[in-house]
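Trainee: The following file, entry.cif, comprises mmCIF, C-alpha atoms:
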```cif
data_coords
#
loop_
_atom_site.label_atom_id
_atom_site.label_comp_id
_atom_site.auth_asym_id
_atom_site.auth_seq_id
_atom_site.Cartn_x
_atom_site.Cartn_y
_atom_site.Cartn_z
CA MET A 1 50.06 -83.53 -95.82
CA ALA A 2 48.35 -85.94 -93.44
CA ASN A 3 49.41 -88.94 -95.53
CA TRP A 4 53.12 -88.59 -94.70
CA VAL A 5 52.70 -87.04 -91.21
CA GLU A 6 50.70 -90.04 -89.98
CA GLY A 7 53.42 -92.36 -91.18
CA LEU A 8 56.01 -90.50 -89.14
CA LEU A 9 54.17 -90.54 -85.83
CA PRO A 10 54.84 -94.19 -84.85
CA LEU A 11 58.53 -93.76 -85.70
CA CYS A 12 58.80 -90.67 -83.54
CA PHE A 13 57.02 -92.32 -80.61
CA MET A 14 59.37 -95.25 -80.82
CA LYS A 15 62.52 -93.12 -80.88
CA CYS A 16 61.51 -90.19 -78.66
CA LEU A 17 61.25 -90.71 -74.90
CA SER A 18 60.25 -87.19 -73.87
CA LEU A 19 57.83 -84.60 -75.25
CA PRO A 20 60.52 -82.07 -76.28
CA LEU A 21 62.50 -84.85 -77.90
CA PHE A 22 59.34 -86.02 -79.64
CA PHE A 23 58.81 -82.66 -81.29
CA PHE A 24 62.47 -82.46 -82.29
CA CYS A 25 62.24 -85.88 -83.81
CA PHE A 26 58.94 -85.03 -85.51
CA LEU A 27 60.38 -81.93 -87.18
CA ALA A 28 63.54 -83.72 -88.24
CA ASN A 29 61.59 -86.55 -89.81
CA ALA A 30 59.21 -84.08 -91.48
CA ALA A 31 62.14 -82.25 -93.10
CA CYS A 32 63.57 -85.56 -94.22
CA ALA A 33 60.22 -86.58 -95.72
CA GLN A 34 59.98 -83.36 -97.70
CA SER A 35 63.50 -83.91 -99.04
CA ASN A 36 62.54 -87.44 -99.99
CA PHE A 37 59.55 -86.18 -101.95
CA HIS A 38 61.82 -84.07 -104.15
CA LYS A 39 64.17 -87.00 -104.68
CA LYS A 40 61.28 -89.36 -105.47
CA TRP A 41 59.57 -86.98 -107.89
CA GLN A 42 62.75 -85.91 -109.63
CA THR A 43 63.63 -89.58 -110.13
CA GLN A 44 60.19 -90.13 -111.67
CA PHE A 45 60.71 -87.13 -113.96
CA ILE A 46 64.08 -88.47 -115.10
CA LEU A 47 62.91 -92.05 -115.64
CA ALA A 48 59.56 -91.17 -117.23
CA GLN A 49 58.85 -93.06 -120.45
CA ASN A 50 57.10 -91.54 -123.42
CA GLY A 51 53.37 -91.59 -122.77
CA ASP A 52 53.62 -91.72 -118.96
CA THR A 53 51.42 -89.83 -116.50
CA LEU A 54 53.29 -88.68 -113.39
CA THR A 55 50.84 -88.30 -110.50
CA LEU A 56 51.60 -85.97 -107.59
CA PRO A 57 49.57 -86.62 -104.42
CA GLU A 58 47.40 -84.26 -102.45
CA GLY A 59 49.20 -82.19 -99.82
CA ILE A 60 51.43 -79.19 -99.25
CA PHE A 61 55.03 -79.99 -100.09
CA TYR A 62 57.94 -77.64 -99.32
CA LEU A 63 60.68 -78.18 -101.89
CA LYS A 64 64.16 -76.67 -101.80
CA LYS A 65 65.13 -77.64 -105.36
CA SER A 66 63.59 -77.31 -108.81
CA LEU A 67 61.91 -80.21 -110.53
CA SER A 68 62.99 -80.69 -114.14
CA LEU A 69 61.55 -82.67 -117.05
CA GLU A 70 63.76 -82.83 -120.13
CA GLY A 71 63.53 -84.46 -123.55
CA LYS A 72 60.23 -86.28 -122.94
CA LYS A 73 57.32 -86.97 -125.29
CA ASN A 74 53.60 -87.30 -124.48
CA VAL A 75 54.09 -86.97 -120.72
CA THR A 76 51.53 -85.57 -118.27
CA VAL A 77 52.36 -84.19 -114.82
CA ARG A 78 49.11 -84.28 -112.84
CA GLY A 79 48.24 -83.21 -109.32
CA ALA A 80 45.04 -83.66 -107.33
CA GLY A 81 43.76 -80.15 -108.17
CA ILE A 82 44.42 -76.47 -107.63
CA GLY A 83 44.97 -75.91 -103.90
CA LYS A 84 45.11 -79.67 -103.29
CA THR A 85 48.55 -80.47 -104.63
CA VAL A 86 50.68 -77.50 -103.57
CA LEU A 87 54.39 -77.27 -104.35
CA ASN A 88 55.82 -74.51 -102.17
CA PHE A 89 59.33 -73.24 -102.95
CA LYS A 90 59.55 -70.66 -100.19
CA HIS A 91 62.85 -72.07 -98.97
CA GLN A 92 64.27 -72.87 -102.41
CA VAL A 93 68.08 -72.94 -102.52
CA ASP A 94 68.73 -74.68 -105.85
CA GLY A 95 67.33 -73.88 -109.31
CA ALA A 96 65.81 -70.77 -110.84
CA GLU A 97 62.31 -72.20 -111.39
CA GLY A 98 59.80 -74.30 -109.53
CA ILE A 99 59.34 -76.67 -112.47
CA TYR A 100 61.56 -76.57 -115.56
CA ILE A 101 60.50 -78.32 -118.79
CA SER A 102 62.72 -78.42 -121.87
CA ASN A 103 63.14 -79.99 -125.30
CA GLY A 104 59.97 -82.06 -125.17
CA THR A 105 56.93 -82.84 -127.27
CA ASN A 106 53.32 -82.82 -126.11
CA ILE A 107 53.84 -82.14 -122.41
CA THR A 108 50.90 -81.40 -120.10
CA VAL A 109 50.97 -79.95 -116.59
CA GLU A 110 47.62 -79.88 -114.81
CA ASP A 111 45.76 -79.73 -111.51
CA LEU A 112 48.35 -78.29 -109.15
CA THR A 113 49.58 -75.12 -107.44
CA VAL A 114 53.11 -73.74 -107.45
CA GLN A 115 53.90 -71.13 -104.78
CA GLU A 116 56.78 -68.82 -103.91
CA ALA A 117 59.27 -70.02 -106.53
CA LYS A 118 62.66 -68.33 -106.38
CA GLY A 119 62.37 -67.37 -110.06
CA ASP A 120 59.64 -68.42 -112.49
CA ALA A 121 56.97 -70.80 -111.22
CA ILE A 122 56.88 -73.08 -114.29
CA LYS A 123 59.13 -72.52 -117.29
CA ALA A 124 58.91 -74.47 -120.56
CA ILE A 125 61.54 -73.91 -123.25
CA ARG A 126 61.76 -75.42 -126.72
CA VAL A 127 58.70 -77.63 -126.29
CA LYS A 128 56.46 -78.53 -129.23
CA GLY A 129 53.03 -78.92 -127.75
CA ILE A 130 52.85 -77.59 -124.18
CA THR A 131 49.62 -77.48 -122.17
CA PHE A 132 49.01 -75.82 -118.82
CA ARG A 133 45.55 -76.75 -117.55
CA ARG A 134 44.09 -75.90 -114.15
CA VAL A 135 47.44 -74.71 -112.83
CA GLU A 136 47.79 -71.99 -110.19
CA THR A 137 50.93 -69.95 -109.63
CA GLU A 138 51.31 -67.39 -106.89
CA TRP A 139 53.58 -65.31 -104.74
CA THR A 140 52.09 -63.98 -101.53
CA GLY A 141 53.19 -61.22 -99.20
CA LYS A 142 54.59 -57.83 -100.15
CA ARG A 143 54.89 -57.28 -103.91
CA LYS A 144 58.32 -56.15 -105.02
CA GLY A 145 60.49 -56.45 -108.12
CA ILE A 146 62.78 -59.14 -106.77
CA GLN A 147 60.24 -61.92 -106.50
CA GLY A 148 59.43 -64.40 -109.26
CA ALA A 149 59.15 -62.76 -112.67
CA TYR A 150 56.72 -65.12 -114.41
CA GLY A 151 54.03 -67.53 -113.28
CA LEU A 152 53.54 -69.64 -116.40
CA TYR A 153 56.44 -69.07 -118.78
CA PRO A 154 56.54 -70.98 -122.09
CA VAL A 155 59.29 -69.55 -124.31
CA MET A 156 60.57 -70.65 -127.73
CA CYS A 157 57.69 -73.11 -127.91
CA GLN A 158 55.20 -74.18 -130.56
CA GLN A 159 51.55 -75.11 -130.05
CA VAL A 160 50.96 -73.56 -126.63
CA LEU A 161 47.71 -73.99 -124.71
CA VAL A 162 47.05 -72.26 -121.37
CA GLU A 163 43.53 -72.79 -120.03
CA HIS A 164 41.64 -72.58 -116.74
CA CYS A 165 44.79 -71.32 -114.99
CA GLN A 166 45.27 -68.74 -112.24
CA ALA A 167 48.26 -66.46 -111.71
CA ARG A 168 48.94 -64.02 -108.88
CA GLY A 169 51.81 -61.90 -107.63
CA ALA A 170 54.35 -62.18 -110.48
CA CYS A 171 56.59 -59.12 -110.71
CA ASP A 172 56.54 -59.28 -114.53
CA ALA A 173 53.70 -61.37 -115.99
CA GLY A 174 51.36 -63.88 -114.44
CA ILE A 175 50.94 -65.66 -117.78
CA TYR A 176 53.72 -65.01 -120.28
CA VAL A 177 54.32 -66.53 -123.72
CA GLY A 178 57.51 -65.44 -125.46
CA GLN A 179 59.14 -66.11 -128.85
CA SER A 180 56.57 -68.80 -129.58
CA ARG A 181 54.11 -69.77 -132.31
CA ASP A 182 50.47 -70.87 -132.33
CA ILE A 183 49.22 -69.92 -128.89
CA VAL A 184 45.87 -70.08 -127.11
CA VAL A 185 45.35 -68.49 -123.68
CA ARG A 186 41.76 -68.91 -122.53
CA TYR A 187 39.50 -69.16 -119.45
CA CYS A 188 42.30 -67.91 -117.16
CA GLU A 189 42.39 -65.47 -114.25
CA ALA A 190 45.34 -63.18 -113.56
CA GLU A 191 45.46 -60.67 -110.73
CA TYR A 192 47.97 -58.66 -108.70
CA ASN A 193 50.73 -59.12 -111.26
CA THR A 194 52.55 -56.31 -113.00
CA SER A 195 51.13 -57.69 -116.26
CA GLY A 196 48.27 -60.15 -116.17
CA ILE A 197 48.81 -61.77 -119.59
CA ASN A 198 51.78 -60.94 -121.82
CA VAL A 199 52.38 -62.35 -125.31
CA GLU A 200 55.78 -61.14 -126.52
CA ASN A 201 57.63 -61.57 -129.83
CA SER A 202 55.20 -64.35 -130.71
CA VAL A 203 53.28 -65.24 -133.86
CA ARG A 204 49.63 -66.30 -134.04
CA ALA A 205 48.01 -65.96 -130.61
CA ASP A 206 44.40 -66.12 -129.47
CA ILE A 207 43.76 -64.59 -126.04
CA TYR A 208 40.11 -64.95 -125.10
CA GLN A 209 37.57 -65.33 -122.32
CA ASN A 210 40.07 -64.46 -119.60
CA LEU A 211 39.65 -62.27 -116.53
CA THR A 212 42.52 -59.87 -115.85
CA MET A 213 41.86 -57.76 -112.77
CA HIS A 214 43.93 -55.70 -110.32
CA ASN A 215 47.15 -55.93 -112.30
CA ALA A 216 49.16 -52.87 -113.35
CA VAL A 217 48.54 -53.86 -117.01
CA GLY A 218 45.76 -56.26 -117.93
CA ILE A 219 46.88 -57.66 -121.30
CA LEU A 220 50.10 -56.79 -123.13
CA VAL A 221 50.83 -57.79 -126.73
CA CYS A 222 54.28 -56.61 -127.70
CA SER A 223 57.56 -57.08 -129.48
CA VAL A 224 60.86 -55.95 -128.01
CA PRO A 225 64.32 -55.55 -129.56
CA MET A 226 67.18 -58.02 -129.35
CA LEU A 227 65.03 -61.14 -129.56
CA MET A 228 64.97 -63.51 -132.52
CA ASN A 229 61.68 -62.57 -134.15
CA ASN A 230 59.06 -59.85 -134.10
CA GLY A 231 55.58 -60.89 -133.11
CA GLY A 232 52.38 -60.57 -135.09
CA HIS A 233 48.85 -61.87 -135.69
CA ALA A 234 47.22 -61.74 -132.26
CA ARG A 235 43.50 -61.77 -131.45
CA VAL A 236 42.41 -60.41 -128.06
CA PHE A 237 38.69 -60.97 -127.64
CA ALA A 238 35.84 -61.66 -125.20
CA ASN A 239 38.01 -60.87 -122.17
CA LYS A 240 37.00 -59.04 -119.01
CA VAL A 241 39.73 -56.47 -118.36
CA TYR A 242 38.72 -54.91 -115.06
CA TYR A 243 40.35 -52.37 -112.71
CA ASN A 244 43.97 -52.95 -113.61
CA ASN A 245 45.20 -50.16 -111.38
CA TYR A 246 47.65 -52.05 -109.20
CA LYS A 247 51.13 -50.65 -108.64
CA ASN A 248 53.77 -51.36 -111.27
CA PHE A 249 56.40 -53.35 -109.37
CA GLY A 250 58.13 -54.82 -112.42
CA PRO A 251 61.84 -55.59 -112.59
CA TRP A 252 64.12 -52.79 -113.77
CA GLY A 253 64.74 -52.62 -117.51
CA GLU A 254 61.78 -54.73 -118.63
CA ILE A 255 59.20 -53.32 -121.05
CA VAL A 256 56.37 -53.77 -118.56
CA THR A 257 57.98 -51.27 -116.19
CA LYS A 258 57.66 -48.60 -118.91
CA ILE A 259 53.90 -48.95 -119.16
CA PRO A 260 51.84 -46.94 -116.68
CA SER A 261 49.69 -48.60 -114.10
CA GLY A 262 46.01 -48.40 -114.97
CA THR A 263 46.34 -49.84 -118.49
CA GLY A 264 43.76 -52.31 -119.74
CA VAL A 265 45.11 -53.61 -123.06
CA MET A 266 48.39 -52.43 -124.60
CA VAL A 267 49.88 -53.15 -128.03
CA VAL A 268 53.54 -52.26 -128.56
CA SER A 269 55.39 -52.76 -131.86
CA ASN A 270 53.11 -55.53 -133.03
CA PRO A 271 51.54 -55.82 -136.49
CA PHE A 272 48.18 -57.45 -137.17
CA VAL A 273 46.35 -57.31 -133.86
CA GLU A 274 42.57 -57.55 -133.52
CA ILE A 275 40.97 -56.44 -130.23
CA PHE A 276 37.23 -57.04 -130.09
CA ASN A 277 34.23 -57.94 -127.92
CA ASN A 278 36.10 -57.18 -124.69
CA GLU A 279 34.76 -55.48 -121.57
CA ILE A 280 37.46 -52.94 -120.66
CA VAL A 281 36.25 -51.37 -117.45
CA GLY A 282 37.68 -49.31 -114.60
CA ASN A 283 41.27 -48.94 -115.84
CA ARG A 284 42.25 -45.46 -114.73
CA THR A 285 44.98 -44.54 -117.26
CA MET A 286 43.91 -45.98 -120.61
CA GLY A 287 41.54 -48.65 -121.78
CA THR A 288 43.59 -49.56 -124.85
CA GLY A 289 46.98 -48.24 -125.96
CA VAL A 290 48.61 -48.66 -129.39
CA MET A 291 52.24 -47.60 -129.31
CA SER A 292 55.58 -47.73 -131.08
CA PHE A 293 58.51 -48.94 -129.04
CA ALA A 294 59.95 -45.43 -129.43
CA THR A 295 57.15 -44.10 -127.24
CA VAL A 296 57.48 -46.77 -124.60
CA ASP A 297 61.28 -46.93 -124.36
CA SER A 298 63.21 -44.47 -126.54
CA SER A 299 66.54 -45.67 -125.11
CA LYS A 300 66.29 -48.83 -127.23
CA PHE A 301 64.82 -47.25 -130.36
CA ASP A 302 68.03 -47.26 -132.41
CA SER A 303 68.13 -50.99 -133.18
CA ILE A 304 68.28 -51.30 -136.99
CA TYR A 305 67.10 -54.92 -136.89
CA PHE A 306 63.85 -54.25 -135.06
CA ASP A 307 60.48 -53.18 -136.48
CA HIS A 308 59.34 -50.61 -133.91
CA TYR A 309 55.86 -49.92 -135.24
CA SER A 310 52.39 -51.19 -134.48
CA ARG A 311 50.53 -51.70 -137.75
CA LYS A 312 47.18 -53.07 -138.89
CA VAL A 313 45.61 -52.89 -135.43
CA SER A 314 41.82 -53.29 -135.40
CA ILE A 315 39.79 -52.27 -132.32
CA HIS A 316 36.07 -52.96 -132.60
CA HIS A 317 32.94 -53.92 -130.66
CA ASN A 318 34.50 -53.37 -127.22
CA THR A 319 32.78 -51.83 -124.20
CA TYR A 320 34.64 -49.04 -122.37
CA LEU A 321 34.03 -47.51 -118.95
CA ARG A 322 36.69 -45.48 -117.12
CA ALA A 323 37.59 -45.60 -113.45
CA GLY A 324 36.82 -42.52 -111.37
CA GLU A 325 40.50 -42.05 -110.51
CA PRO A 326 43.19 -39.85 -112.08
CA PRO A 327 45.54 -41.49 -114.63
CA THR A 328 49.13 -42.41 -113.77
CA PHE A 329 51.08 -41.50 -116.89
CA SER A 330 54.77 -42.09 -116.22
CA LYS A 331 58.15 -42.72 -117.85
CA ASN A 332 58.07 -41.52 -121.48
CA LEU A 333 54.41 -40.56 -121.12
CA LYS A 334 54.87 -38.45 -117.99
CA ASN A 335 54.39 -35.16 -119.90
CA LEU A 336 51.16 -36.24 -121.56
CA ARG A 337 48.34 -33.90 -120.52
CA PHE A 338 44.71 -33.73 -121.59
CA GLY A 339 43.83 -30.58 -119.67
CA LYS A 340 40.20 -30.46 -118.59
CA GLN A 341 39.27 -33.08 -121.19
CA PRO A 342 38.63 -36.55 -119.70
CA VAL A 343 41.31 -39.06 -120.65
CA PRO A 344 40.24 -40.99 -123.78
CA HIS A 345 39.70 -44.73 -123.73
CA ILE A 346 41.86 -45.54 -126.77
CA ILE A 347 45.25 -43.83 -127.02
CA PHE A 348 47.36 -44.02 -130.19
CA ASP A 349 50.84 -42.50 -130.20
CA GLY A 350 50.45 -41.50 -133.87
CA ILE A 351 53.79 -42.98 -134.95
CA VAL A 352 53.55 -44.93 -138.21
CA ALA A 353 56.19 -46.74 -140.24
CA PRO A 354 57.46 -44.52 -143.10
CA ALA A 355 57.33 -47.33 -145.63
CA THR A 356 53.63 -47.88 -144.90
CA LYS A 357 52.49 -44.31 -144.37
CA ASN A 358 49.64 -44.66 -146.82
CA ASP A 359 48.61 -47.98 -145.33
CA GLN A 360 46.09 -48.10 -142.49
CA ALA A 361 47.92 -48.46 -139.16
CA LEU A 362 44.79 -48.43 -137.02
CA CYS A 363 41.07 -49.04 -137.48
CA ILE A 364 38.49 -48.22 -134.79
CA ARG A 365 34.79 -48.92 -135.16
CA ASP A 366 31.61 -49.94 -133.34
CA ASN A 367 32.92 -49.55 -129.79
CA GLU A 368 30.55 -48.64 -126.94
CA VAL A 369 31.49 -45.91 -124.46
CA GLN A 370 29.49 -46.00 -121.21
CA ASP A 371 30.72 -42.71 -119.76
CA LYS A 372 31.48 -39.17 -120.91
CA ALA A 373 35.14 -39.70 -121.81
CA PRO A 374 36.20 -39.43 -125.46
CA LEU A 375 36.67 -42.69 -127.27
CA PHE A 376 39.99 -41.85 -128.92
CA ALA A 377 43.05 -39.62 -129.03
CA ASN A 378 46.11 -39.48 -131.28
CA ILE A 379 48.61 -38.05 -128.80
CA ASP A 380 51.25 -36.92 -131.34
CA ALA A 381 54.06 -38.54 -129.37
CA ILE A 382 56.77 -37.79 -131.93
CA GLN A 383 56.17 -34.03 -131.43
CA GLY A 384 56.05 -34.27 -127.66
CA PHE A 385 52.22 -34.37 -127.40
CA LYS A 386 51.85 -30.87 -128.85
CA ASN A 387 48.95 -31.60 -131.18
CA ILE A 388 46.59 -34.09 -129.56
CA ARG A 389 43.71 -34.98 -131.89
CA TYR A 390 40.46 -36.52 -130.72
CA ASN A 391 38.75 -37.10 -134.05
CA ALA A 392 38.45 -40.84 -134.63
CA GLN A 393 36.67 -40.47 -137.97
CA SER A 394 39.83 -40.94 -140.04
CA TYR A 395 40.34 -44.25 -138.25
CA ASN A 396 36.80 -45.46 -138.87
CA CYS A 397 37.66 -48.34 -141.16
CA THR A 398 37.67 -52.11 -141.38
CA LEU A 399 40.65 -54.43 -141.57
CA PRO A 400 40.43 -58.08 -142.61
CA LYS A 401 39.59 -60.35 -139.71
CA LEU A 402 42.47 -62.44 -138.47
CA GLU A 403 42.23 -66.20 -138.65
CA LYS A 404 41.60 -68.46 -135.67
CA VAL A 405 44.62 -70.17 -134.14
CA TRP A 406 44.42 -73.93 -134.52
CA LEU A 407 46.34 -76.18 -132.16
CA GLN A 408 47.16 -79.63 -133.55
CA PHE A 409 49.08 -81.56 -130.94
CA LYS A 410 50.65 -84.75 -132.28
#
```
How does the structure come out when it is put into C-alpha cells?

Mentor:
Amino acid sequence: MANWVEGLLPLCFMKCLSLPLFFFCFLANAACAQSNFHKKWQTQFILAQNGDTLTLPEGIFYLKKSLSLEGKKNVTVRGAGIGKTVLNFKHQVDGAEGIYISNGTNITVEDLTVQEAKGDAIKAIRVKGITFRRVETEWTGKRKGIQGAYGLYPVMCQQVLVEHCQARGACDAGIYVGQSRDIVVRYCEAEYNTSGINVENSVRADIYQNLTMHNAVGILVCSVPMLMNNGGHARVFANKVYYNNYKNFGPWGEIVTKIPSGTGVMVVSNPFVEIFNNEIVGNRTMGTGVMSFATVDSSKFDSIYFDHYSRKVSIHHNTYLRAGEPPTFSKNLKNLRFGKQPVPHIIFDGIVAPATKNDQALCIRDNEVQDKAPLFANIDAIQGFKNIRYNAQSYNCTLPKLEKVWLQFK
C-alpha cells in the first residue's frame, strides 16, 4: 500500500492548507487511487495478448468491481505472494465474483489473496487448462449462508490444477470443481468452510496431500441432479482430514446443507471412487460416508435422468480415529441411532442400483482403527434404519485401482 500512499502525500500537502483539510484530501485521493487500480488492471486484462503475464503489485487493494479475463490464451495473472498482493472486495458493488475468467485456454492465477468477495472469490468457466497456484481466498467475520459461496470455483472446465492454495470461510465450498474433467487438487489447505473441498458432477479427479480441517465436511465427492453429466472416477488419497466439526452454514437448498457437520469424507451418487492412505481423525459424526442421493435429499430423488447411486467405491489403507464428541446427524439422517454402540467410522446407506445388485457397490479392506469404535455399518436407510448391520466381512473385497489423472496443458 505504501507505494501509492507515498505518491499521494506531496499532492495533498500542496492542495491542503489545514490539518482537517489534509486528511479529507488524503482520503479522497486514496479512494481515487483505488478506483484507478481497478481501471488500470481491468484495462490490462482486456488488452492482454496471448502469452502475456499480468503482474499485480504488492499491497492491499480495495476494489468495488469484479476483474474479468475473457477469451485469452496462455495468460498468467501473478501477484507478489499470498498475503502480499491482497484484493479486498469488502465494498464490492458491481459483479458477482472477485475475479471472473471465461472461455480461455491455459490460464494461470498465482501468488495472491482474494478477500470478502460479494459472491465467489475466483470463478473460471469454460476454460481448457486452468491453474490456481498459491492463491488464498477468504471471508472473515461471522460465518453465515449469505456470504461468498465458493473460494476457488472452476466449472465446466477441462484440465484443472489447484495446488498450494488456501481457502477459508466459504459458505459452500472453499475449493470447488464442478462439471469438469481431468482435475488435480493437491497440497491445499481448507478450513472453516461448510465443505473444504468439493468435486461435483466431474470426471477423473485426483484429490491428494491436502489438509481439510475445521470445516463442516472435509472432502465431498458427489453428483447432483439437473446438471449436464454425472461424475465418476475420483481418487481421494494421502489427505489429512482432521476435526471437521464446524457448523454447517451452507446456503439453503444446496447438497452440502444436507450433510451433517462432523463428516470427514463423503461420497454421494458417484461411481468409481477410491479412498485410500488418508488420515481421517477427529470427525465427530462419520469418518467416511457412502450414500445415494435418496438418503441425502429425498425431495429430488424422482429425477429419471439422474443416476442416484454410489457404485464401485473402494475404501482401503486409511487411518481412523473418532472425536470424543457426540455425532450431529441431521436432515434425512436425523432418526439414525446406534444406541450404546459407538458410531462407526464408515457409514454406508445400503442402497444399491437394481441393475447392478450382484455387482460390488463397496469394498472395504486394510483400514486401521485407532479407537474402540466399529469400523463399519450398513445403516439400512431404505427401511428407515431398522436393521443396522456392522459386519464388514461381506464388503472385504478388492476393486481395480483407478488410474492416475494426467494433466497435459497445451

Trainee: Grab all the atoms of stretch 109-126 of chain A that the file lists, wrap them in a box along x, y and z, add 5 Å per side, and give me centre plus edge lengths in Å (one decimal) as AutoDock Vina command-line options.

Mentor:
```
--center_x 54.2 --center_y -73.7 --center_z -115.3 --size_x 26.9 --size_y 22.6 --size_z 32.8
```

Trainee: Pick from A:Gly59, A:Pro271, A:Pro400, A:Pro327: nearest to A:Asn283, with all atoms listed in the file counted?

Mentor: A:Pro327

Trainee: Any chance you could work out the residue set of the PyMOL selection byres ((chain A and resi 97-101) around 10) here, as a ChimeraX atom specification?

Mentor: /A:63-72,87-89,92,94-96,102-104,107,109,114-127,130,137,148,150-154

Trainee: Restrict the selected residues to C-alpha atoms and save them as a PDB file, in the coordinates of the input.

Mentor:
```
ATOM      1  CA  LEU A  63      60.680 -78.180-101.890  1.00  0.00           C
ATOM      2  CA  LYS A  64      64.160 -76.670-101.800  1.00  0.00           C
ATOM      3  CA  LYS A  65      65.130 -77.640-105.360  1.00  0.00           C
ATOM      4  CA  SER A  66      63.590 -77.310-108.810  1.00  0.00           C
ATOM      5  CA  LEU A  67      61.910 -80.210-110.530  1.00  0.00           C
ATOM      6  CA  SER A  68      62.990 -80.690-114.140  1.00  0.00           C
ATOM      7  CA  LEU A  69      61.550 -82.670-117.050  1.00  0.00           C
ATOM      8  CA  GLU A  70      63.760 -82.830-120.130  1.00  0.00           C
ATOM      9  CA  GLY A  71      63.530 -84.460-123.550  1.00  0.00           C
ATOM     10  CA  LYS A  72      60.230 -86.280-122.940  1.00  0.00           C
ATOM     11  CA  LEU A  87      54.390 -77.270-104.350  1.00  0.00           C
ATOM     12  CA  ASN A  88      55.820 -74.510-102.170  1.00  0.00           C
ATOM     13  CA  PHE A  89      59.330 -73.240-102.950  1.00  0.00           C
ATOM     14  CA  GLN A  92      64.270 -72.870-102.410  1.00  0.00           C
ATOM     15  CA  ASP A  94      68.730 -74.680-105.850  1.00  0.00           C
ATOM     16  CA  GLY A  95      67.330 -73.880-109.310  1.00  0.00           C
ATOM     17  CA  ALA A  96      65.810 -70.770-110.840  1.00  0.00           C
ATOM     18  CA  SER A 102      62.720 -78.420-121.870  1.00  0.00           C
ATOM     19  CA  ASN A 103      63.140 -79.990-125.300  1.00  0.00           C
ATOM     20  CA  GLY A 104      59.970 -82.060-125.170  1.00  0.00           C
ATOM     21  CA  ILE A 107      53.840 -82.140-122.410  1.00  0.00           C
ATOM     22  CA  VAL A 109      50.970 -79.950-116.590  1.00  0.00           C
ATOM     23  CA  VAL A 114      53.110 -73.740-107.450  1.00  0.00           C
ATOM     24  CA  GLN A 115      53.900 -71.130-104.780  1.00  0.00           C
ATOM     25  CA  GLU A 116      56.780 -68.820-103.910  1.00  0.00           C
ATOM     26  CA  ALA A 117      59.270 -70.020-106.530  1.00  0.00           C
ATOM     27  CA  LYS A 118      62.660 -68.330-106.380  1.00  0.00           C
ATOM     28  CA  GLY A 119      62.370 -67.370-110.060  1.00  0.00           C
ATOM     29  CA  ASP A 120      59.640 -68.420-112.490  1.00  0.00           C
ATOM     30  CA  ALA A 121      56.970 -70.800-111.220  1.00  0.00           C
ATOM     31  CA  ILE A 122      56.880 -73.080-114.290  1.00  0.00           C
ATOM     32  CA  LYS A 123      59.130 -72.520-117.290  1.00  0.00           C
ATOM     33  CA  ALA A 124      58.910 -74.470-120.560  1.00  0.00           C
ATOM     34  CA  ILE A 125      61.540 -73.910-123.250  1.00  0.00           C
ATOM     35  CA  ARG A 126      61.760 -75.420-126.720  1.00  0.00           C
ATOM     36  CA  VAL A 127      58.700 -77.630-126.290  1.00  0.00           C
ATOM     37  CA  ILE A 130      52.850 -77.590-124.180  1.00  0.00           C
ATOM     38  CA  THR A 137      50.930 -69.950-109.630  1.00  0.00           C
ATOM     39  CA  GLY A 148      59.430 -64.400-109.260  1.00  0.00           C
ATOM     40  CA  TYR A 150      56.720 -65.120-114.410  1.00  0.00           C
ATOM     41  CA  GLY A 151      54.030 -67.530-113.280  1.00  0.00           C
ATOM     42  CA  LEU A 152      53.540 -69.640-116.400  1.00  0.00           C
ATOM     43  CA  TYR A 153      56.440 -69.070-118.780  1.00  0.00           C
ATOM     44  CA  PRO A 154      56.540 -70.980-122.090  1.00  0.00           C
TER      45      PRO A 154
END
```

Trainee: Give me the residues near A:Tyr187 as a PyMOL selection string, where near means some atom within 6 Å (using all atoms listed in the file) and where sequence neighbours in that chain fewer than 3 positions away do not count.

Mentor: chain A and resi 163-164+209-210

Trainee: Quick one: residues within 10 Å of (39.6, -46.5, -117.0) (file frame), counting all atoms listed in the file, please, as a ChimeraX atom specification.

Mentor: /A:242-245,262-264,280-288,320-327,343-345,373

Trainee: Could you state the separation of atom CA of A:Thr194 and atom CA of A:Val221 in Å, given to one decimal place?

Mentor: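 Separation of atom CA of A:Thr194 and atom CA of A:Val221: 13.9 Å.
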
Trainee: To one decimal place, how far is atom CA of A:Val217 from atom CA of A:Gly250 in Å?

Mentor: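 Answer for the atom CA of A:Val217 to atom CA of A:Gly250 separation: 10.7 Å.
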
Trainee: Calculate how many Å separate atom CA of A:Arg204 from atom CA of A:Val160, rounding to one decimal.

Mentor: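 Separating atom CA of A:Arg204 from atom CA of A:Val160 is a distance of 10.5 Å.
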
Trainee: When the PyMOL selection byres ((chain A and resi 158) around 12) is applied to the file above, which residues end up in the set, as a compact mmCIF listing (two decimals) with C-alpha atoms, in the frame of the given file?

Mentor:
```txt
# COMPACT_ATOMS: atom_id res chain seq x y z
CA ASN A 103 63.14 -79.99 -125.30
CA GLY A 104 59.97 -82.06 -125.17
CA THR A 105 56.93 -82.84 -127.27
CA ASN A 106 53.32 -82.82 -126.11
CA ILE A 107 53.84 -82.14 -122.41
CA ALA A 124 58.91 -74.47 -120.56
CA ILE A 125 61.54 -73.91 -123.25
CA ARG A 126 61.76 -75.42 -126.72
CA VAL A 127 58.70 -77.63 -126.29
CA LYS A 128 56.46 -78.53 -129.23
CA GLY A 129 53.03 -78.92 -127.75
CA ILE A 130 52.85 -77.59 -124.18
CA THR A 131 49.62 -77.48 -122.17
CA PRO A 154 56.54 -70.98 -122.09
CA VAL A 155 59.29 -69.55 -124.31
CA MET A 156 60.57 -70.65 -127.73
CA CYS A 157 57.69 -73.11 -127.91
CA GLN A 159 51.55 -75.11 -130.05
CA VAL A 160 50.96 -73.56 -126.63
CA LEU A 161 47.71 -73.99 -124.71
CA VAL A 177 54.32 -66.53 -123.72
CA GLY A 178 57.51 -65.44 -125.46
CA GLN A 179 59.14 -66.11 -128.85
CA SER A 180 56.57 -68.80 -129.58
CA ARG A 181 54.11 -69.77 -132.31
CA ASP A 182 50.47 -70.87 -132.33
CA ILE A 183 49.22 -69.92 -128.89
CA VAL A 184 45.87 -70.08 -127.11
CA SER A 202 55.20 -64.35 -130.71
CA VAL A 203 53.28 -65.24 -133.86
CA ARG A 204 49.63 -66.30 -134.04
CA ALA A 205 48.01 -65.96 -130.61
CA VAL A 405 44.62 -70.17 -134.14
CA TRP A 406 44.42 -73.93 -134.52
CA LEU A 407 46.34 -76.18 -132.16
CA GLN A 408 47.16 -79.63 -133.55
CA PHE A 409 49.08 -81.56 -130.94
CA LYS A 410 50.65 -84.75 -132.28
```
